[in-house]
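Colleague: Sharing a structure here in structure tokens format.
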Amino acid sequence: MGLPTFKPVADYAVLIEFGTKVDDALNRKVVALDKAIAAARITGVVETVPALVNLLVVFDPLATTHTNVQAAVTTLFPLGPTDDVETTAHSVPVCYDTELSPDLINVAKAVDMSIEAVIAAHMSANLRVSMYGFAPGFAYLSGLPDAIQVPRKPSATRGVQTGRVMIAGPQCLITTVVMPTGWSIIGRTAVQVMQDDPDNPFLFNVGDSVTFERIRREDLPARLQAP
Amino acid sequence: MTTARFKVTFAGPLVSFQDQGRIGHLRYGVSSSGPMDRLAHRAAHALVGNTKVGSSIEVSLGGLILECVAGEATVGIAGGGFSVHCGATKTTGWTVQTMRQGEKLTIRAGDWGSWTYIAFTGQLVLDHWLGATTTHSMSGFGAGALQAGMEFEVQNTEVRDARNGDTPCPKIAQTYDTIRVVIGPQDQHFDPASVETFCTTPFTLTEAFDRMGVRLRGPELTLKNALSIPSEPIIRGSVQVSGDGVPTVLLADHQTTGGYPKIATVISADVDRLAQMRAGATVRFKAVSAEDAIDAARAYNAECSATISDLAAPKATLAEKLQNLNLIDGVVTAKD
């Protein structure tokens, strides 16, 4: 694996970039480096932010410098095979009831498939947590099949509640905060990405894999069964 | 030591509880938040003699009115040049006052600055999220925004009347119009002339200004076909440029990733000074090297520490103050 590029960010971070085009292989390198940096316990490193093709290393400028962080990270190369990186596989129960999934019909129309075929395609996907962003707990799950990819809706829906399973382009996510969104809501889940557990506040780590399994409306907690 | 209760009689928008921030969760989409002006937040605690920097109230230009409904507490106020009314005392800016039951504290926008902080002797009793009380404005998580009608409690309050009175705002906590940046990390997506323009032409802060960021007005910065770049990490101080060529400086409650290219990043020594400026103010960006930015961070940190220890130094007791006053009076009398 060749060395990535290093760019200084203000006085307290370095952006480490593996490439410029979104692809699963680059994201796997990001995850591998993220784990390697965590294991190396580099002096002055405060936290890391893995994204699609690059990784931000935030450091304490009183304790180290961009140059020292770059030198320490460089010693971690070559990284091992990205397949060896330990990740967790999650199975998320989702209810695709059309009354609870306001955009499912339109997605089916847009991709010229039956609703059942859209659901089957969604459940067949083995998605990866490629990064978090936008809002707390917003884990971007990438790898949606081409057949059910739809663009963002022309206008955003306001006040979308938590526990909604949404798709846009090649990505899927589960809402964690109430917000406006132009993504298409195709299901509802009781799984909370942002958990009430101080020791383990977020369910997914970047690099984990996620699949969806279908449940009935009556299997949802009562609070989620109402339209 | 007592417990004091306060009632919020009025709170403008964006008035919230803050502590030093929620560090370590950027990777999960959680910005560190914390005070828009971190030095002023520390200073408010130092002014009242708190050895530990706990939570404070961050007051926006919208203002705040608090009433002490039980107990008493000495409070420190530091930040911009706000107008402060406490009981019968009317002052501005940096001050320490003791609030007693039935007294009101009214803070309104003053001559300069966008944010000011109220620290209490003792500890605010607040909700935590991910180990911090600081309010994340987009989600409302943490201790939250202050709303008219709500009450809150401060435990282990103390009256430290010896500390009461005004302190001039130290120079380091005042605003200045030259803000240092390190160019990048996505400057390659800009026309080189735009990078030059960014560093040589003044920009104006607009009203599109909240805890997430401030949009600027100025010459258009031309992007080189970069609107489909992958979403990348953002930090406090990132200057991202949207498709129409308009820059926005991301601040305390910034989103953690985004797909707009960043032409530059404001250094940590200057980002809070920028946040204290007001809509309509002019800012000039000055490019510095990464090495100079590190030196600036270290110099700023040393200066902040010195400022904080000055503010925290024990103040004269009331008896000593009176004695000093007599001495000065004596001098004046002698001259007469």
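Residue names in the structure tokens use chain letters A, B, ... in the order shown, residue numbers from 1 in each chain, and ligand numbers from 1 in the order shown.
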Can you pull out the residues contacting Ile167 in chain A? Cut-off 12 Å, using only C-alpha atoms, and skip same-chain residues under 5 positions away; I want them as a tab-separated table (two decimals) with N, CA, C and O atoms, in the first residue's frame.
Modeller:
```tsv
chain	number	residue	atom	x	y	z
A	101	SER	N	-43.77	3.87	6.02
A	101	SER	CA	-42.61	4.12	5.14
A	101	SER	C	-43.08	4.98	3.97
A	101	SER	O	-43.33	4.47	2.88
A	103	ASP	N	-42.10	6.88	1.69
A	103	ASP	CA	-41.51	7.05	0.36
A	103	ASP	C	-41.31	5.73	-0.38
A	103	ASP	O	-40.80	5.73	-1.51
A	104	LEU	N	-41.71	4.63	0.24
A	104	LEU	CA	-41.44	3.32	-0.36
A	104	LEU	C	-42.13	3.18	-1.73
A	104	LEU	O	-41.51	2.71	-2.70
A	107	VAL	N	-40.29	5.28	-4.33
A	107	VAL	CA	-39.01	4.67	-4.70
A	107	VAL	C	-39.27	3.54	-5.70
A	107	VAL	O	-38.61	3.45	-6.74
A	118	VAL	N	-38.17	-3.97	-4.16
A	118	VAL	CA	-37.32	-2.95	-3.53
A	118	VAL	C	-36.88	-3.44	-2.14
A	118	VAL	O	-35.71	-3.36	-1.77
A	119	ILE	N	-37.86	-3.98	-1.39
A	119	ILE	CA	-37.55	-4.48	-0.03
A	119	ILE	C	-36.52	-5.61	-0.11
A	119	ILE	O	-35.54	-5.63	0.65
A	122	HIS	N	-33.14	-4.22	-0.78
A	122	HIS	CA	-32.59	-3.55	0.41
A	122	HIS	C	-32.06	-4.57	1.39
A	122	HIS	O	-30.98	-4.40	1.97
A	127	LEU	N	-24.17	-3.71	3.67
A	127	LEU	CA	-23.71	-2.31	3.70
A	127	LEU	C	-22.53	-2.15	4.64
A	127	LEU	O	-22.33	-2.97	5.55
A	140	TYR	N	-23.30	6.81	7.87
A	140	TYR	CA	-23.55	6.60	6.45
A	140	TYR	C	-23.22	5.16	6.10
A	140	TYR	O	-22.08	4.72	6.26
A	141	LEU	N	-24.26	4.42	5.64
A	141	LEU	CA	-24.08	3.02	5.26
A	141	LEU	C	-23.99	2.99	3.74
A	141	LEU	O	-24.94	3.37	3.05
A	142	SER	N	-22.85	2.56	3.22
A	142	SER	CA	-22.70	2.61	1.77
A	142	SER	C	-22.77	1.22	1.18
A	142	SER	O	-22.57	0.22	1.87
A	143	GLY	N	-23.10	1.18	-0.12
A	143	GLY	CA	-23.16	-0.09	-0.82
A	143	GLY	C	-24.56	-0.53	-1.20
A	143	GLY	O	-24.82	-1.72	-1.40
A	144	LEU	N	-25.47	0.43	-1.32
A	144	LEU	CA	-26.84	0.09	-1.74
A	144	LEU	C	-26.80	-0.42	-3.19
A	144	LEU	O	-26.08	0.14	-4.01
A	145	PRO	N	-27.59	-1.49	-3.51
A	145	PRO	CA	-27.56	-1.99	-4.90
A	145	PRO	C	-27.98	-0.90	-5.90
A	145	PRO	O	-28.84	-0.08	-5.59
A	146	ASP	N	-27.35	-0.93	-7.09
A	146	ASP	CA	-27.67	0.06	-8.14
A	146	ASP	C	-29.17	0.14	-8.40
A	146	ASP	O	-29.71	1.21	-8.63
A	148	ILE	N	-31.82	0.04	-6.71
A	148	ILE	CA	-32.76	0.83	-5.88
A	148	ILE	C	-32.17	2.19	-5.50
A	148	ILE	O	-32.65	2.86	-4.58
A	149	GLN	N	-31.15	2.63	-6.24
A	149	GLN	CA	-30.59	3.96	-5.93
A	149	GLN	C	-31.48	5.05	-6.51
A	149	GLN	O	-31.81	5.05	-7.69
A	150	VAL	N	-31.86	5.98	-5.66
A	150	VAL	CA	-32.67	7.13	-6.09
A	150	VAL	C	-31.99	8.41	-5.60
A	150	VAL	O	-31.34	8.41	-4.56
A	151	PRO	N	-32.14	9.51	-6.35
A	151	PRO	CA	-31.55	10.77	-5.88
A	151	PRO	C	-32.33	11.32	-4.68
A	151	PRO	O	-33.42	10.82	-4.37
A	152	ARG	N	-31.79	12.35	-4.04
A	152	ARG	CA	-32.54	13.04	-2.98
A	152	ARG	C	-33.83	13.59	-3.56
A	152	ARG	O	-33.89	13.94	-4.73
A	153	LYS	N	-34.86	13.68	-2.73
A	153	LYS	CA	-36.13	14.26	-3.18
A	153	LYS	C	-35.93	15.75	-3.48
A	153	LYS	O	-35.04	16.39	-2.90
A	172	CYS	N	-27.46	4.60	2.77
A	172	CYS	CA	-28.63	4.34	3.61
A	172	CYS	C	-28.27	4.86	4.99
A	172	CYS	O	-27.09	4.84	5.38
A	173	LEU	N	-29.23	5.37	5.74
A	173	LEU	CA	-28.93	5.69	7.14
A	173	LEU	C	-30.16	5.60	8.02
A	173	LEU	O	-31.29	5.60	7.54
A	174	ILE	N	-29.90	5.51	9.32
A	174	ILE	CA	-30.96	5.40	10.32
A	174	ILE	C	-30.95	6.71	11.10
A	174	ILE	O	-29.92	7.10	11.64
A	175	THR	N	-32.09	7.40	11.14
A	175	THR	CA	-32.10	8.72	11.80
A	175	THR	C	-31.96	8.59	13.31
A	175	THR	O	-32.49	7.67	13.93
A	181	THR	N	-35.10	16.32	5.99
A	181	THR	CA	-34.24	15.55	5.09
A	181	THR	C	-34.91	15.34	3.74
A	181	THR	O	-36.13	15.26	3.64
A	182	GLY	N	-34.08	15.27	2.71
A	182	GLY	CA	-34.57	14.98	1.37
A	182	GLY	C	-34.38	13.51	1.01
A	182	GLY	O	-34.61	13.10	-0.12
A	183	TRP	N	-33.94	12.69	1.97
A	183	TRP	CA	-33.77	11.27	1.71
A	183	TRP	C	-35.14	10.58	1.73
A	183	TRP	O	-36.07	11.08	2.34
A	184	SER	N	-35.22	9.41	1.08
A	184	SER	CA	-36.48	8.67	1.01
A	184	SER	C	-36.60	7.69	2.17
A	184	SER	O	-35.73	6.84	2.38
A	185	ILE	N	-37.73	7.79	2.90
A	185	ILE	CA	-37.93	6.93	4.07
A	185	ILE	C	-38.57	5.63	3.60
A	185	ILE	O	-39.68	5.64	3.06
A	186	ILE	N	-37.87	4.52	3.78
A	186	ILE	CA	-38.38	3.23	3.29
A	186	ILE	C	-38.65	2.22	4.41
A	186	ILE	O	-39.06	1.11	4.14
A	187	GLY	N	-38.41	2.62	5.66
A	187	GLY	CA	-38.66	1.66	6.74
A	187	GLY	C	-38.51	2.30	8.10
A	187	GLY	O	-38.15	3.48	8.22
```
Colleague: Would you kindly report the residues of chain A within 7 Å of chain B, using only C-alpha atoms, as a PyMOL selection string?
Modeller: chain A and resi 7-11+21-22+47-52+54+56+61-62+65+132-138+177+198
Colleague: Which of these, A:Val31, A:Val191, A:Val178, A:Val85, has the shortest distance to Gly159 in chain A once you count only C-alpha atoms?
Modeller: A:Val178
Colleague: Set the distance at 12 Å and use only C-alpha atoms: which residues neighbour Val241 in chain B once local chain neighbours fewer than 5 positions away are removed? I'd like the list as a VMD selection string.
Modeller: chain B and resid 184 186 to 187 189 to 190 194 to 195 198 214 to 224 226 to 227 246 to 250 258 to 265
Colleague: Write out as a PDB file with C-alpha atoms, in the first residue's frame all residues of range 68-153 of chain A that DSSP puts in strand (DSSP E or B) for this structure's backbone.
Modeller:
```pdb
ATOM      1  CA  ALA A  89     -21.417  -7.404  11.609  1.00  0.00           C
ATOM      2  CA  HIS A  90     -24.795  -5.956  12.641  1.00  0.00           C
ATOM      3  CA  SER A  91     -28.253  -7.170  11.676  1.00  0.00           C
ATOM      4  CA  VAL A  92     -30.894  -4.449  11.965  1.00  0.00           C
ATOM      5  CA  PRO A  93     -34.594  -5.418  12.168  1.00  0.00           C
ATOM      6  CA  VAL A  94     -36.694  -3.101  10.008  1.00  0.00           C
ATOM      7  CA  CYS A  95     -40.422  -2.839   9.343  1.00  0.00           C
ATOM      8  CA  LEU A 127     -23.714  -2.314   3.701  1.00  0.00           C
ATOM      9  CA  ARG A 128     -20.627  -0.781   5.294  1.00  0.00           C
ATOM     10  CA  VAL A 129     -20.451   2.031   7.808  1.00  0.00           C
ATOM     11  CA  SER A 130     -18.243   4.308   5.711  1.00  0.00           C
ATOM     12  CA  MET A 131     -18.333   7.363   7.989  1.00  0.00           C
ATOM     13  CA  TYR A 132     -20.426   9.361  10.420  1.00  0.00           C
ATOM     14  CA  ALA A 139     -23.796   6.659  10.226  1.00  0.00           C
ATOM     15  CA  TYR A 140     -23.555   6.605   6.446  1.00  0.00           C
ATOM     16  CA  LEU A 141     -24.078   3.019   5.265  1.00  0.00           C
ATOM     17  CA  SER A 142     -22.700   2.613   1.768  1.00  0.00           C
TER      18      SER A 142
END
```
Colleague: Might you pull out every residue within 12 Å of range 171-175 of chain B, with only C-alpha atoms counted and same-chain residues fewer than 5 positions away left off, and present them as a compact mmCIF listing (two decimals) with N, CA and C atoms, in the first residue's frame?
Modeller:
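Output file part.txt follows:
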```txt
# COMPACT_ATOMS: atom_id res chain seq x y z
N ASP B 37 -16.52 31.34 22.87
CA ASP B 37 -15.29 32.02 23.31
C ASP B 37 -14.78 31.28 24.54
N ARG B 38 -13.84 30.36 24.29
CA ARG B 38 -13.37 29.48 25.36
C ARG B 38 -12.59 30.23 26.43
N LEU B 39 -11.88 31.27 26.02
CA LEU B 39 -11.12 32.05 27.00
C LEU B 39 -12.07 32.79 27.95
N ALA B 40 -13.12 33.40 27.40
CA ALA B 40 -14.05 34.15 28.24
C ALA B 40 -14.76 33.23 29.23
N HIS B 41 -15.10 32.03 28.78
CA HIS B 41 -15.73 31.04 29.68
C HIS B 41 -14.81 30.70 30.86
N ARG B 42 -13.53 30.49 30.55
CA ARG B 42 -12.57 30.21 31.63
C ARG B 42 -12.42 31.44 32.53
N ALA B 43 -12.39 32.60 31.88
CA ALA B 43 -12.19 33.85 32.63
C ALA B 43 -13.33 34.10 33.62
N ALA B 44 -14.56 33.79 33.21
CA ALA B 44 -15.70 34.01 34.12
C ALA B 44 -15.53 33.18 35.39
N ALA B 78 -17.95 37.38 31.96
CA ALA B 78 -16.82 37.73 31.08
C ALA B 78 -17.19 37.36 29.66
N GLY B 79 -16.77 38.16 28.72
CA GLY B 79 -17.04 37.89 27.31
C GLY B 79 -16.96 39.18 26.54
N GLY B 80 -17.97 39.45 25.72
CA GLY B 80 -18.00 40.71 24.99
C GLY B 80 -18.38 41.85 25.92
N GLY B 81 -18.46 43.06 25.38
CA GLY B 81 -18.85 44.22 26.18
C GLY B 81 -20.35 44.31 26.29
N GLY B 93 -19.61 44.61 30.66
CA GLY B 93 -18.45 43.77 30.41
C GLY B 93 -18.08 42.83 31.54
N TRP B 94 -16.85 42.92 31.98
CA TRP B 94 -16.26 41.93 32.88
C TRP B 94 -16.50 42.37 34.32
N ASP B 111 -21.66 47.24 23.73
CA ASP B 111 -20.89 47.93 22.69
C ASP B 111 -20.25 46.99 21.68
N TRP B 112 -19.84 45.84 22.13
CA TRP B 112 -19.14 44.94 21.22
C TRP B 112 -19.32 43.50 21.69
N GLY B 113 -18.99 42.56 20.80
CA GLY B 113 -18.99 41.14 21.18
C GLY B 113 -20.33 40.47 20.95
N SER B 114 -20.27 39.17 20.66
CA SER B 114 -21.48 38.39 20.38
C SER B 114 -21.86 37.44 21.50
N TRP B 115 -20.94 37.17 22.43
CA TRP B 115 -21.21 36.16 23.47
C TRP B 115 -20.61 36.61 24.79
N THR B 116 -21.32 36.31 25.88
CA THR B 116 -20.72 36.50 27.19
C THR B 116 -21.10 35.33 28.09
N ALA B 269 -5.84 29.92 17.84
CA ALA B 269 -5.62 31.15 18.60
C ALA B 269 -6.57 32.26 18.16
N ASP B 270 -7.13 32.17 16.97
CA ASP B 270 -7.94 33.28 16.44
C ASP B 270 -9.42 32.93 16.24
N VAL B 271 -9.77 31.66 16.30
CA VAL B 271 -11.14 31.30 15.90
C VAL B 271 -12.19 31.85 16.87
N ASP B 272 -11.86 31.89 18.17
CA ASP B 272 -12.84 32.40 19.13
C ASP B 272 -12.95 33.93 19.06
N ARG B 273 -11.86 34.56 18.65
CA ARG B 273 -11.92 36.02 18.47
C ARG B 273 -12.82 36.35 17.29
N LEU B 274 -12.75 35.52 16.25
CA LEU B 274 -13.65 35.68 15.11
C LEU B 274 -15.10 35.49 15.56
N ALA B 275 -15.33 34.48 16.40
CA ALA B 275 -16.69 34.18 16.87
C ALA B 275 -17.26 35.32 17.71
N GLN B 276 -16.39 36.11 18.34
CA GLN B 276 -16.87 37.24 19.16
C GLN B 276 -17.25 38.44 18.30
N MET B 277 -16.82 38.46 17.01
CA MET B 277 -17.17 39.59 16.15
C MET B 277 -18.67 39.53 15.85
N ARG B 278 -19.18 40.63 15.34
CA ARG B 278 -20.62 40.69 15.06
C ARG B 278 -20.88 40.76 13.57
N ALA B 281 -19.22 43.16 10.81
CA ALA B 281 -17.80 43.44 11.04
C ALA B 281 -16.98 42.93 9.86
N THR B 282 -15.84 43.56 9.67
CA THR B 282 -14.94 43.20 8.57
C THR B 282 -13.80 42.35 9.10
N VAL B 283 -13.47 41.32 8.36
CA VAL B 283 -12.37 40.45 8.76
C VAL B 283 -11.39 40.33 7.59
N ALA B 299 2.05 30.22 21.93
CA ALA B 299 2.13 31.57 22.50
C ALA B 299 0.77 31.96 23.08
N TYR B 300 -0.29 31.64 22.34
CA TYR B 300 -1.64 32.00 22.79
C TYR B 300 -1.97 31.27 24.09
N ASN B 301 -1.62 29.99 24.14
CA ASN B 301 -1.90 29.22 25.34
C ASN B 301 -1.19 29.81 26.55
N ALA B 302 0.08 30.21 26.37
CA ALA B 302 0.85 30.77 27.49
C ALA B 302 0.20 32.08 27.94
N GLU B 303 -0.22 32.88 26.97
CA GLU B 303 -0.82 34.17 27.30
C GLU B 303 -2.17 33.98 28.00
N CYS B 304 -2.94 33.00 27.53
CA CYS B 304 -4.24 32.70 28.18
C CYS B 304 -4.02 32.26 29.61
N SER B 305 -3.05 31.37 29.82
CA SER B 305 -2.79 30.87 31.18
C SER B 305 -2.40 32.01 32.10
N ALA B 306 -1.55 32.92 31.60
CA ALA B 306 -1.13 34.06 32.43
C ALA B 306 -2.33 34.95 32.75
N THR B 307 -3.18 35.18 31.75
CA THR B 307 -4.38 36.01 31.95
C THR B 307 -5.28 35.38 33.00
N ILE B 308 -5.49 34.07 32.86
CA ILE B 308 -6.38 33.38 33.80
C ILE B 308 -5.81 33.44 35.22
```
Colleague: Excluding Val75 in chain B and any residue of its chain fewer than 5 positions from it, enumerate the residues within 12 Å of it, using only C-alpha atoms, and give them as a count of residues only.
Modeller: 42
Colleague: Can you pull out every residue within 7 Å of Ala132 in chain B, counting only C-alpha atoms, but drop anything in the same chain fewer than 6 positions away, and send it as a PDB file with N, CA and C atoms, in the first residue's frame?
Modeller:
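After the write, part-v6.pdb holds the following:
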```pdb
ATOM      1  N   ASP B  19     -19.974  23.728  28.870  1.00  0.00           N
ATOM      2  CA  ASP B  19     -18.778  23.485  29.673  1.00  0.00           C
ATOM      3  C   ASP B  19     -17.598  23.471  28.698  1.00  0.00           C
ATOM      4  N   GLY B  21     -16.504  21.413  26.724  1.00  0.00           N
ATOM      5  CA  GLY B  21     -16.731  20.735  25.453  1.00  0.00           C
ATOM      6  C   GLY B  21     -16.727  19.226  25.595  1.00  0.00           C
ATOM      7  N   ARG B  22     -17.201  18.602  24.534  1.00  0.00           N
ATOM      8  CA  ARG B  22     -17.406  17.150  24.530  1.00  0.00           C
ATOM      9  C   ARG B  22     -16.359  16.583  23.572  1.00  0.00           C
ATOM     10  N   GLY B 142     -27.388  17.513  25.739  1.00  0.00           N
ATOM     11  CA  GLY B 142     -26.591  18.200  26.750  1.00  0.00           C
ATOM     12  C   GLY B 142     -27.564  18.929  27.669  1.00  0.00           C
TER      13      GLY B 142
END
```
Colleague: Could you give me the residues within range 107-153 of chain A that DSSP places in alpha helix (DSSP H), as a PyMOL selection string?
Modeller: chain A and resi 107-111+115-124
